[in-house]
Structure formats: C-alpha cells, structure tokens
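Trainee: Let me begin by handing over the structure; questions about it come next.
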Amino acid sequence: MPHINFAWWNLQNFFDTDDDPISNDFSFTPAAGWTDGVFNKKKENLAEGLNLIWPNEKIDLLTVCEIEKDTLLQDLLEEAGMDHLSVVFDAAGTSDLRGIDVAMAYNPSKLTVVSRTSHLVHLRYRTRDIFEVVFRINDTGEEFVVIASHWPSRSRGQYHSEPLRIAVAEHIAFLVEAHTKVDSTTYETLQANDDLKQLFKLNGKAKFW
C-alpha cells in the first residue's frame with residue numbers, strides 16, 4: 001500500500017461569525033464578541049498548527065471535528081496553503097443542535113472518493129453526525145473506509161454522557177461490521193469450496209468473519 005499521511009484534529013469550536021438560524025451558535029456572533037478579527041486570528045493559528053503536523057511531508061487525508069461546515073475547512077486549507085487537498089463535501093450537513101460537525105479532505109492525486117454517507121444517531125435529541133467515506137487508492141485500486149465521529153461531550157459528567165457515548169459507539173460498531181463481515185450464506189459457500197481466502201478479496205475490500 002502506498003504511503004498515506006493521515007491527520008485528525010479537534011479544531012475546538014471553529015465557527016464563522018454568521019448567525020445560523022437553524023443551530024444554536026449565538027456564542028459565535030459579533031454580538032457575543034466573536035468578530036471577524038477574532039475568527040481570522042483563530043483561522044491563522046489553526047493553519048499554522050496544521051502545517052506542523054507533517055512538517056516535511058504533505059497531508060494526504062485530513063479529518064477534523066468541532067467545525068461548523070465544510071466550507072470552513074476549505075477556507076482553512078486555503079489559509080494553510082494546502083491546495084493539494086480537496087474537501088469531501090457532505091450535502092447532509094450536521095444535525096447537531098449547536099451546529100458542530102466533522103469534515104474531511106483528501107489528496108486526489110493519491111485517493112478517490114467512492115462513496116460518502118452521513119449517519120444520524122437517534123438519541124433523546126439530535127447529535128453529531130457520523131461521516132463515513134469509502135476511498136480508493138489510485139495506485140493499487142484497494143479500498144478503505146474512514147468513519148469520522150465526534151462523540152457526545154462529557155461536560156455534564158460521566159453519568160449523563162456515558163449512555164449517549166455508548167449509543168454512538170454501538171452505531172459505529174454496526175457500520176464497521178457491515179464492512180468487515182460477509183453473510184452466513186456466502187461464508188458457508190466459501191467454506192464448502194475450501195476458499196476462505198476469498199473473504200479478503202470480495203468487492204476489492206478486506207473481509208473478516
């Protein structure tokens with residue numbers, strides 16, 4: 001497999017200054033002190049930090065959380081001079097009440113987006129989406145899956161947050177299972193043919209049982 005530089009970063013409330021009428025982002029408006037000057041300084045600092053993650057090489061796959069929308073990731077990449085990365089735009093956006101989302105960018109010279117799916121976890125209220133993206137490695141044709149998630153906060157204590165975090169973990173476990181297991185009929189057929197090695201070749205992806 002070709003060398004792919006990966007990075008994950010929590011951007012800690014990377015919101016623009018616009019008041020989104022759908023989400024509760026009142027703390028990130030000029031009226032609350034979140035001015036264009038403050039926002040631009042945060043973006044500048046984040047861009048500087050982003051360039052330190054792989055200082056002597058390029059990032060090929062970047063996933064971030066605590067970002068308001070995909071276009072902000074695009075703005076951050078421009079600020080950081082990372083024009084080799086393209087954002088994986090998610091038309092579904094986020095369902096989180098505060099408007100917090102995850103976002104992803106990739107190097108098209110090394111990777112191709114095969115599919116993208118945004119999953120909503122149904123708790124007592126809308127929570128942050130799980131963003132699932134299937135990539136194909138251009139040089140080999142191999143595929144792999146990236147599942148980006150930002151679990152419910154522990155800010156209100158473990159007693160309140162633990163059930164919510166477990167629900168998200170279980171949802172992700174089912175997504176992983178769908179990519180890594182074959183159904184019982186396929187397994188029995190391969191076993192009868194003494195060909196279990198094919199489990200690693202189905203659909204061009206690694207499969208386990």
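Following the order of the structure tokens, chains are lettered A, B, ..., residues in each are numbered from 1, and ligands are numbered from 1.
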Leaving out segment 129-144 of chain A and any residue of its chain fewer than 4 positions from it, which residues lie within 6 Å of it when counting only C-alpha atoms, given as JSON, numbers by chain?

Mentor: {"A": [94, 110, 111, 112, 113, 114, 115, 116, 117, 118, 119, 120, 148, 149, 205]}

Trainee: Restricted to C-alpha atoms, what would the selected residues look like written as a compact mmCIF listing (two decimals), in the first residue's frame?

Mentor:
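Below is the file that was written, result35.txt:
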```txt
# COMPACT_ATOMS: atom_id res chain seq x y z
CA THR A 94 -24.93 18.30 10.58
CA LYS A 110 -3.47 9.53 -4.24
CA LEU A 111 -7.11 8.88 -3.35
CA THR A 112 -10.54 8.81 -5.00
CA VAL A 113 -13.84 9.11 -3.16
CA VAL A 114 -16.01 6.06 -3.87
CA SER A 115 -18.95 6.91 -1.63
CA ARG A 116 -19.93 9.14 1.28
CA THR A 117 -22.71 8.70 3.83
CA SER A 118 -23.78 10.80 6.79
CA HIS A 119 -25.34 8.81 9.65
CA LEU A 120 -27.58 10.28 12.33
CA ALA A 148 -15.30 10.19 11.36
CA SER A 149 -17.19 10.85 14.57
CA LYS A 205 -12.06 -4.87 0.28
```

Trainee: Segment 42-102 of chain A near segment 3-16 of chain A within 6 Å: what's each residue's closest atom pair and its distance in Å to one decimal, counting only C-alpha atoms, ordered by chain then ascending residue number, as a tab-separated table?

Mentor:
```
residue	atom	partner	partner_atom	distance
A:Ile59	CA	A:Asn5	CA	5.1
A:Asp60	CA	A:Asn5	CA	5.1
A:Leu61	CA	A:Phe6	CA	4.8
A:Leu62	CA	A:Ala7	CA	4.9
A:Thr63	CA	A:Trp8	CA	4.9
A:Val64	CA	A:Trp9	CA	4.8
A:Cys65	CA	A:Asn10	CA	4.8
A:Glu66	CA	A:Asn13	CA	5.1
A:Ile67	CA	A:Phe14	CA	4.7
A:Glu68	CA	A:Phe15	CA	5.2
```

Trainee: Export all heavy atoms of the chosen residues as a JSON list (two decimals), in the first residue's frame?

Mentor:
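And here is the file that came out, out06.json:
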```json
[["chain", "number", "residue", "atom", "x", "y", "z"],
["A", 59, "ILE", "N", 0.04, 16.32, 3.96],
["A", 59, "ILE", "CA", -1.07, 15.53, 4.48],
["A", 59, "ILE", "C", -1.85, 14.99, 3.28],
["A", 59, "ILE", "O", -2.17, 15.72, 2.35],
["A", 59, "ILE", "CB", -1.99, 16.39, 5.37],
["A", 59, "ILE", "CG1", -1.25, 16.84, 6.63],
["A", 59, "ILE", "CG2", -3.25, 15.62, 5.75],
["A", 59, "ILE", "CD1", -2.05, 17.79, 7.50],
["A", 60, "ASP", "N", -2.18, 13.71, 3.32],
["A", 60, "ASP", "CA", -2.97, 13.10, 2.25],
["A", 60, "ASP", "C", -4.43, 12.89, 2.63],
["A", 60, "ASP", "O", -5.30, 12.84, 1.76],
["A", 60, "ASP", "CB", -2.36, 11.75, 1.86],
["A", 60, "ASP", "CG", -0.95, 11.88, 1.31],
["A", 60, "ASP", "OD1", -0.73, 12.71, 0.42],
["A", 60, "ASP", "OD2", -0.06, 11.15, 1.80],
["A", 61, "LEU", "N", -4.68, 12.77, 3.92],
["A", 61, "LEU", "CA", -6.05, 12.55, 4.39],
["A", 61, "LEU", "C", -6.21, 13.27, 5.72],
["A", 61, "LEU", "O", -5.50, 12.99, 6.68],
["A", 61, "LEU", "CB", -6.32, 11.05, 4.56],
["A", 61, "LEU", "CG", -7.70, 10.64, 5.05],
["A", 61, "LEU", "CD1", -8.79, 11.18, 4.13],
["A", 61, "LEU", "CD2", -7.79, 9.12, 5.14],
["A", 62, "LEU", "N", -7.13, 14.22, 5.76],
["A", 62, "LEU", "CA", -7.34, 15.04, 6.95],
["A", 62, "LEU", "C", -8.79, 14.94, 7.39],
["A", 62, "LEU", "O", -9.71, 15.11, 6.59],
["A", 62, "LEU", "CB", -7.00, 16.50, 6.64],
["A", 62, "LEU", "CG", -7.35, 17.53, 7.72],
["A", 62, "LEU", "CD1", -6.52, 17.32, 8.98],
["A", 62, "LEU", "CD2", -7.18, 18.95, 7.19],
["A", 63, "THR", "N", -8.99, 14.65, 8.67],
["A", 63, "THR", "CA", -10.32, 14.65, 9.26],
["A", 63, "THR", "C", -10.31, 15.56, 10.48],
["A", 63, "THR", "O", -9.39, 15.50, 11.28],
["A", 63, "THR", "CB", -10.75, 13.22, 9.66],
["A", 63, "THR", "OG1", -10.70, 12.37, 8.52],
["A", 63, "THR", "CG2", -12.16, 13.22, 10.21],
["A", 64, "VAL", "N", -11.33, 16.40, 10.58],
["A", 64, "VAL", "CA", -11.40, 17.35, 11.70],
["A", 64, "VAL", "C", -12.78, 17.28, 12.34],
["A", 64, "VAL", "O", -13.76, 16.87, 11.71],
["A", 64, "VAL", "CB", -11.11, 18.80, 11.25],
["A", 64, "VAL", "CG1", -9.71, 18.92, 10.68],
["A", 64, "VAL", "CG2", -12.16, 19.27, 10.24],
["A", 65, "CYS", "N", -12.85, 17.71, 13.60],
["A", 65, "CYS", "CA", -14.15, 17.82, 14.27],
["A", 65, "CYS", "C", -14.24, 19.19, 14.93],
["A", 65, "CYS", "O", -13.27, 19.95, 14.97],
["A", 65, "CYS", "CB", -14.35, 16.70, 15.28],
["A", 65, "CYS", "SG", -13.29, 16.78, 16.75],
["A", 66, "GLU", "N", -15.43, 19.49, 15.45],
["A", 66, "GLU", "CA", -15.76, 20.81, 16.01],
["A", 66, "GLU", "C", -15.55, 21.91, 14.98],
["A", 66, "GLU", "O", -14.91, 22.92, 15.21],
["A", 66, "GLU", "CB", -14.98, 21.10, 17.31],
["A", 66, "GLU", "CG", -15.47, 20.28, 18.48],
["A", 66, "GLU", "CD", -15.26, 20.95, 19.83],
["A", 66, "GLU", "OE1", -15.09, 22.18, 19.89],
["A", 66, "GLU", "OE2", -15.25, 20.22, 20.83],
["A", 67, "ILE", "N", -16.15, 21.67, 13.81],
["A", 67, "ILE", "CA", -16.15, 22.65, 12.73],
["A", 67, "ILE", "C", -17.60, 22.86, 12.32],
["A", 67, "ILE", "O", -18.41, 21.93, 12.37],
["A", 67, "ILE", "CB", -15.28, 22.16, 11.55],
["A", 67, "ILE", "CG1", -15.11, 23.27, 10.50],
["A", 67, "ILE", "CG2", -15.85, 20.89, 10.92],
["A", 67, "ILE", "CD1", -14.05, 22.95, 9.46],
["A", 68, "GLU", "N", -17.94, 24.08, 11.94],
["A", 68, "GLU", "CA", -19.35, 24.39, 11.67],
["A", 68, "GLU", "C", -19.83, 23.86, 10.34],
["A", 68, "GLU", "O", -20.98, 23.41, 10.22],
["A", 68, "GLU", "CB", -19.56, 25.91, 11.74],
["A", 68, "GLU", "CG", -21.02, 26.30, 11.64],
["A", 68, "GLU", "CD", -21.23, 27.80, 11.78],
["A", 68, "GLU", "OE1", -20.26, 28.57, 11.64],
["A", 68, "GLU", "OE2", -22.38, 28.20, 12.04]]
```

Trainee: I need the residues of segment 49-193 of chain A that end up classed as strand (DSSP E or B) by DSSP on the backbone, written out as a VMD selection string.

Mentor: chain A and resid 61 to 67 86 to 87 101 to 106 111 to 119 122 126 130 to 137 143 to 148

Trainee: What parts of segment 46-209 of chain A does DSSP call alpha helix (DSSP H)? I'd like the answer as a VMD selection string.

Mentor: chain A and resid 46 to 53 70 to 80 158 to 180 184 to 192

Trainee: Return the single residue from A:Thr189, A:Gly33, A:Glu79, A:Leu123 that is closest to Ser161 of chain A, with distances computed using only C-alpha atoms.

Mentor: A:Leu123

Trainee: I'd like the interatomic distance between atom CA of Asn107 of chain A and atom CA of Gly81 of chain A, to a tenth of an Å.

Mentor: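 Separation of atom CA of Asn107 of chain A and atom CA of Gly81 of chain A: 13.5 Å.
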
Trainee: Could you tell me how far atom CA of Val168 of chain A sits from atom CA of Val102 of chain A, in Å to one decimal place?

Mentor: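 Computed distance, atom CA of Val102 of chain A to atom CA of Val168 of chain A, equals 14.3 Å.
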
Trainee: So the first atom is atom CA of Ala178 of chain A and the second is atom CA of Arg154 of chain A; what is the distance between them in Å, to one decimal place?

Mentor: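 Going from atom CA of Ala178 of chain A over to atom CA of Arg154 of chain A, I get 28.5 Å.
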